[in-house]
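Student: Here you go, one structure.
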Amino acid sequence: MQASTHDLPADLPDAARAYVEALPPGRLVGFPLQGLDRTGVPAWKVSLFLDDPTMPGNMPSGYGYGADEGTAIIGALAEIAEAILPTLTLMKTDKRMGSYADLVGRVGTSGIADPLTLCLPAGSPVGRDTPLAWIEARRVSTGEPVLVPADLGATDSFELPANYEPFTPLITNGLGAGPDLDWAIGHGLLELLQRDGNGLVFRALDRGVVLDLSDGLAPDVASLLARLDALGIEVMAKFASDQFGLANLYVVGFDREGSGPRVPIMLSACGEACDPDRNVALRKAILEFCSARVRKTYAHGPIEEARRVAPDGFLDRFLEAAMPSLVSGENRALEAMTAWATMPPEGLKAALSDSVFSRRTTKRFTELPEANLATTRERGRVARQRLEREGFDILAIDGAPGSGVGVAKVIVPGLEVETMSYNRIGERGARKLLEMGSDLVRFGEESKTLRPVRLTPEAIERFGGRVPMLDVAAVAWAVGPLYPLYREPEAHHVAHVLAG
């Protein structure tokens, strides 16, 4: 049974129809968001009200953006597919209980992911002898089955065994969608690479490396930047990394004096991208930045802003359906975002001036990699080949088998995410911080705030037999009130709290 398409245009692109047909029974409601800002970049919000009553609070929603309305709707529906189809798949998937040490004797070292290579939280008690729930992924290069912890494969608590406590908060990094599994894997891999490359050099740790865009711009990218400049929006494209021969960059910006913003939370908007081609990356990051301005206004601004674009009755139904997830939401994100929502624009801009809006050095845009690749499938394959040449093992879970679309959760031991939000760190992250001279990692004795980076014996040997320590107090201090740059509360939760 296919979900209804209430409030979606009748002339949906074929790709959008494929997602609609793959979704579980329910009612889809979608509407454009671009009216909340003046950039004109198409942005859509789509929500699925599930018919299934067994998952209270599960309200799959997506935000999409692009050069046209159809692309924006496809993006929003793809996010819904990523949010719900893997959950439905993994709820029915058998979990093998046991420790790595127990299972490796049965499946061999190539048939199971070592938890000490999976970017555990610093100081985590998890190791090779820890009982975990395991699910089956596939090695992308060969198709072989590989067991991975459900803690990393799952994105929703419904997917875990009853009373199972994951070793890290469930995250969506590495999710990808597309017309087939190969495309989805490429999408998810590029997102993982994006976060691996920028996680320790932007937001609270922004190095202020601004890209010089005076040369090398594709015509459509130059036109988009010129339009934003004419609207009084100061765009800052910033360099994160070019590791693996990929252009990893991000875009932030602010309204010039006298031009806005109409809603202060727009100032926290950011667009990120990682791609073999610099112009593809920059175009994606600029469009995502514009989308983030309206998304944040809709989700975390005054409720009146959301009511300007949402259909009559939608917000009341949304809050009623999502209330269980609001109640169980992350308090730190809610409290920090509430503080931002009550700041005047000049106050929030000042709070971001030393990090997000910092300018310390420049790098020529033309120094970033370029490549002529037509699709996400091709770009993902190039990224995969470059990682595999470096010895990385790329694993993927098929989140939507037999659905007619591709959804994947990609897991790559050795790539690292969520250090500044959840203290997850491994060998590469520790080495990066040590080489940067950061005070977040150092060698020393374990304490309440100095926690060991969980590493394999081989990795410890590469550090000269010493175990690097993450200073979790220093991480918390560095992030401080900038936590909403890392984690956001559920949509409209801030407005709900402020309304009393």
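In the structure tokens, the first chain shown is A, the next is B, and so on; residue numbers restart at 1 for each chain, and ligands run from 1 in the order shown.
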Give me the segment 365-413 of chain A side of the contact with segment 182-189 of chain A, cut-off 8 Å, one line per residue showing its nearest atom pair and distance in Å at one decimal, counting only C-alpha atoms, sorted by chain and residue number, as CSV.
Tutor:
```
residue,atom,partner,partner_atom,distance
A:Thr376,CA,A:Trp183,CA,6.4
A:Arg377,CA,A:Trp183,CA,4.6
A:Glu378,CA,A:Gly186,CA,7.9
A:Arg379,CA,A:Gly186,CA,7.0
A:Gly380,CA,A:Gly186,CA,3.6
A:Arg381,CA,A:Gly186,CA,6.3
A:Ala383,CA,A:Leu189,CA,7.7
A:Arg384,CA,A:Leu189,CA,7.5
A:Ala396,CA,A:Ile185,CA,7.0
A:Gly406,CA,A:Ala184,CA,5.5
A:Val407,CA,A:Ala184,CA,5.4
A:Ala408,CA,A:Ala184,CA,5.5
A:Lys409,CA,A:Gly188,CA,6.6
A:Val410,CA,A:Gly188,CA,5.8
```
Student: Just the selected residues (N, CA and C atoms), exported as a PDB file, in the first residue's frame, please.
Tutor:
```
ATOM      1  N   THR A 376      25.959  11.406  -8.828  1.00  0.00           N
ATOM      2  CA  THR A 376      26.387  10.988  -7.487  1.00  0.00           C
ATOM      3  C   THR A 376      26.952   9.573  -7.525  1.00  0.00           C
ATOM      4  N   ARG A 377      26.423   8.730  -8.392  1.00  0.00           N
ATOM      5  CA  ARG A 377      26.961   7.367  -8.522  1.00  0.00           C
ATOM      6  C   ARG A 377      28.445   7.414  -8.892  1.00  0.00           C
ATOM      7  N   GLU A 378      28.774   8.224  -9.908  1.00  0.00           N
ATOM      8  CA  GLU A 378      30.167   8.317 -10.351  1.00  0.00           C
ATOM      9  C   GLU A 378      31.036   8.955  -9.278  1.00  0.00           C
ATOM     10  N   ARG A 379      30.532  10.004  -8.653  1.00  0.00           N
ATOM     11  CA  ARG A 379      31.323  10.689  -7.619  1.00  0.00           C
ATOM     12  C   ARG A 379      31.571   9.764  -6.429  1.00  0.00           C
ATOM     13  N   GLY A 380      30.536   9.000  -6.053  1.00  0.00           N
ATOM     14  CA  GLY A 380      30.702   8.058  -4.950  1.00  0.00           C
ATOM     15  C   GLY A 380      31.702   6.967  -5.278  1.00  0.00           C
ATOM     16  N   ARG A 381      31.685   6.481  -6.513  1.00  0.00           N
ATOM     17  CA  ARG A 381      32.636   5.434  -6.892  1.00  0.00           C
ATOM     18  C   ARG A 381      34.066   5.945  -6.857  1.00  0.00           C
ATOM     19  N   ALA A 383      35.213   8.360  -4.937  1.00  0.00           N
ATOM     20  CA  ALA A 383      35.562   8.487  -3.519  1.00  0.00           C
ATOM     21  C   ALA A 383      35.867   7.118  -2.923  1.00  0.00           C
ATOM     22  N   ARG A 384      35.070   6.118  -3.282  1.00  0.00           N
ATOM     23  CA  ARG A 384      35.290   4.772  -2.753  1.00  0.00           C
ATOM     24  C   ARG A 384      36.638   4.225  -3.198  1.00  0.00           C
ATOM     25  N   ALA A 396      28.421  -1.462   4.084  1.00  0.00           N
ATOM     26  CA  ALA A 396      27.120  -0.829   3.869  1.00  0.00           C
ATOM     27  C   ALA A 396      25.995  -1.777   4.260  1.00  0.00           C
ATOM     28  N   GLY A 406      16.959   2.935  -3.457  1.00  0.00           N
ATOM     29  CA  GLY A 406      18.131   2.553  -2.684  1.00  0.00           C
ATOM     30  C   GLY A 406      18.281   3.405  -1.437  1.00  0.00           C
ATOM     31  N   VAL A 407      18.487   2.764  -0.298  1.00  0.00           N
ATOM     32  CA  VAL A 407      18.819   3.456   0.946  1.00  0.00           C
ATOM     33  C   VAL A 407      19.933   2.658   1.608  1.00  0.00           C
ATOM     34  N   ALA A 408      20.998   3.328   2.009  1.00  0.00           N
ATOM     35  CA  ALA A 408      22.139   2.644   2.605  1.00  0.00           C
ATOM     36  C   ALA A 408      22.607   3.369   3.850  1.00  0.00           C
ATOM     37  N   LYS A 409      23.092   2.601   4.805  1.00  0.00           N
ATOM     38  CA  LYS A 409      23.847   3.152   5.934  1.00  0.00           C
ATOM     39  C   LYS A 409      25.279   2.678   5.742  1.00  0.00           C
ATOM     40  N   VAL A 410      26.177   3.630   5.501  1.00  0.00           N
ATOM     41  CA  VAL A 410      27.575   3.320   5.211  1.00  0.00           C
ATOM     42  C   VAL A 410      28.401   3.466   6.489  1.00  0.00           C
TER      43      VAL A 410
END
```
Student: Please determine, counting only C-alpha atoms, which residue among A:Leu211, A:Met55, A:Leu120, A:Val497 has the shortest atom-to-atom distance to Asn331 of chain A.
Tutor: A:Val497
Student: Please provide the set of residues having any atom within 10 Å of Ala336 of chain A, restricted to only C-alpha atoms, with same-chain residues fewer than 4 positions apart removed, written as a list of chain:residue names.
Tutor: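 After dropping sequence-adjacent residues, the list is A:Asn331, A:Arg332, A:Trp340, A:Ala341, A:Gly480, A:Pro481, A:Leu482, A:Tyr483, A:Pro484, A:Leu485, A:Arg487, A:Glu488, A:Pro489, A:Val494.
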Student: Quick check, in Å to one decimal: how far apart do atom CA of Leu118 of chain A and atom CA of Gly75 of chain A lie?
Tutor: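 Result for atom CA of Leu118 of chain A versus atom CA of Gly75 of chain A: 28.8 Å, one decimal.
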Student: Write out as JSON, numbers by chain each polymer residue whose atoms come within 8 Å of Val472 of chain A, counting only C-alpha atoms; drop sequence neighbours fewer than 6 positions from it.
Tutor: {"A": [423, 440, 449, 450, 451]}
Student: Can you spit out the residues from that selection as a CSV table (one decimal), in the first residue's frame, using C-alpha atoms?
Tutor:
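Dumped to selection09.csv:
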```csv
chain,number,residue,atom,x,y,z
A,423,ASN,CA,33.5,12.6,22.4
A,440,LEU,CA,42.0,18.7,23.4
A,449,THR,CA,38.1,14.5,32.5
A,450,LEU,CA,41.1,13.0,30.7
A,451,ARG,CA,39.8,9.8,29.0
```
Student: Taking only C-alpha atoms into account, which of A:Leu267, A:Leu368, A:Ala81, A:Leu23 comes nearest Ala240 of chain A?
Tutor: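 Closest to Ala240 of chain A, using only C-alpha atoms: A:Leu368.
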Student: For Ala430 of chain A, which of A:Phe202, A:Phe443, A:Phe392, A:Phe239 is the closest residue, counting only C-alpha atoms?
Tutor: A:Phe443
Student: In Å to one decimal, how far is atom CA of Ala237 of chain A from atom CA of Val356 of chain A?
Tutor: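 These two atoms are separated by 10.8 Å.
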Student: May I ask for the distance between atom CA of Cys290 of chain A and atom CA of Ala177 of chain A, given in Å to one decimal place?
Tutor: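 Separating atom CA of Cys290 of chain A from atom CA of Ala177 of chain A is a distance of 21.7 Å.
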Student: Would you pick out the contacts of segment 161-174 of chain A at 8 Å or less, using only C-alpha atoms, so that residues sharing its chain but fewer than 6 positions from it are not included, and give the list as a VMD selection string?
Tutor: chain A and resid 95 120 to 121 124 126 133 150 to 152 154 to 155 188 to 192 195 408 to 411 417 422
Student: Need to verify the contact set: segment 246-258 of chain A, 7 Å, only C-alpha atoms, exclusion of same-chain residues closer than 2 positions in sequence. Can you return it as JSON, numbers by chain?
Tutor: {"A": [194, 197, 232, 233, 234, 235, 236, 237, 238, 239, 240, 241, 242, 243, 244, 260, 261, 267, 269, 270, 271, 272, 273, 274, 275, 276, 277, 278, 281, 285, 286, 289, 368, 369]}
Student: May I have the residues within 9 Å of Thr419 of chain A as a ChimeraX atom specification, using only C-alpha atoms and disregarding those fewer than 4 positions away in the same chain?
Tutor: /A:119,121-122,199-200,423-425,429,475
Student: Which is closer to Gly399 of chain A than all the others in A:Gly30, A:Leu193, A:Lys92, A:Pro452, using only C-alpha atoms?
Tutor: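 Ranked by minimum distance to Gly399 of chain A, first place goes to A:Lys92.
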Student: Would you give me, as JSON lines, each residue of segment 229-293 of chain A having an atom within 8 Å of an atom of segment 39-42 of chain A, along with its shortest atom pair and that distance in Å to one decimal, using only C-alpha atoms and sorting by chain and residue number?
Tutor:
```
{"residue": "A:Leu231", "atom": "CA", "partner": "A:Thr39", "partner_atom": "CA", "distance": 7.4}
{"residue": "A:Leu287", "atom": "CA", "partner": "A:Val41", "partner_atom": "CA", "distance": 6.9}
{"residue": "A:Cys290", "atom": "CA", "partner": "A:Val41", "partner_atom": "CA", "distance": 6.6}
{"residue": "A:Ser291", "atom": "CA", "partner": "A:Val41", "partner_atom": "CA", "distance": 7.1}
```
Student: Hey, which of A:Met420, A:Asp312, A:Thr142, A:Ala76 ends up closest to Glu388 of chain A? Count only C-alpha atoms.
Tutor: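 Closest to Glu388 of chain A of all the choices is A:Thr142.
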Student: Write down as a PyMOL selection string the residues of segment 115-344 of chain A whose backbone DSSP state falls under alpha helix (DSSP H).
Tutor: chain A and resi 150-153+181-198+219-230+278-300+303-309+314-327+331-341
Student: List every residue of segment 37-163 of chain A that DSSP, applied to the backbone, labels as strand (DSSP E or B), and write the result as a VMD selection string.
Tutor: chain A and resid 43 to 50 61 to 65 96 to 98 112 121 132 to 139 145 to 149
Student: Give the answer as one residue: which of A:Val309, A:Ile74, A:Leu348, A:Leu36 has the shortest atom-to-atom distance to Gly178 of chain A, using only C-alpha atoms?
Tutor: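 Under the stated criterion, the closest residue is A:Ile74.
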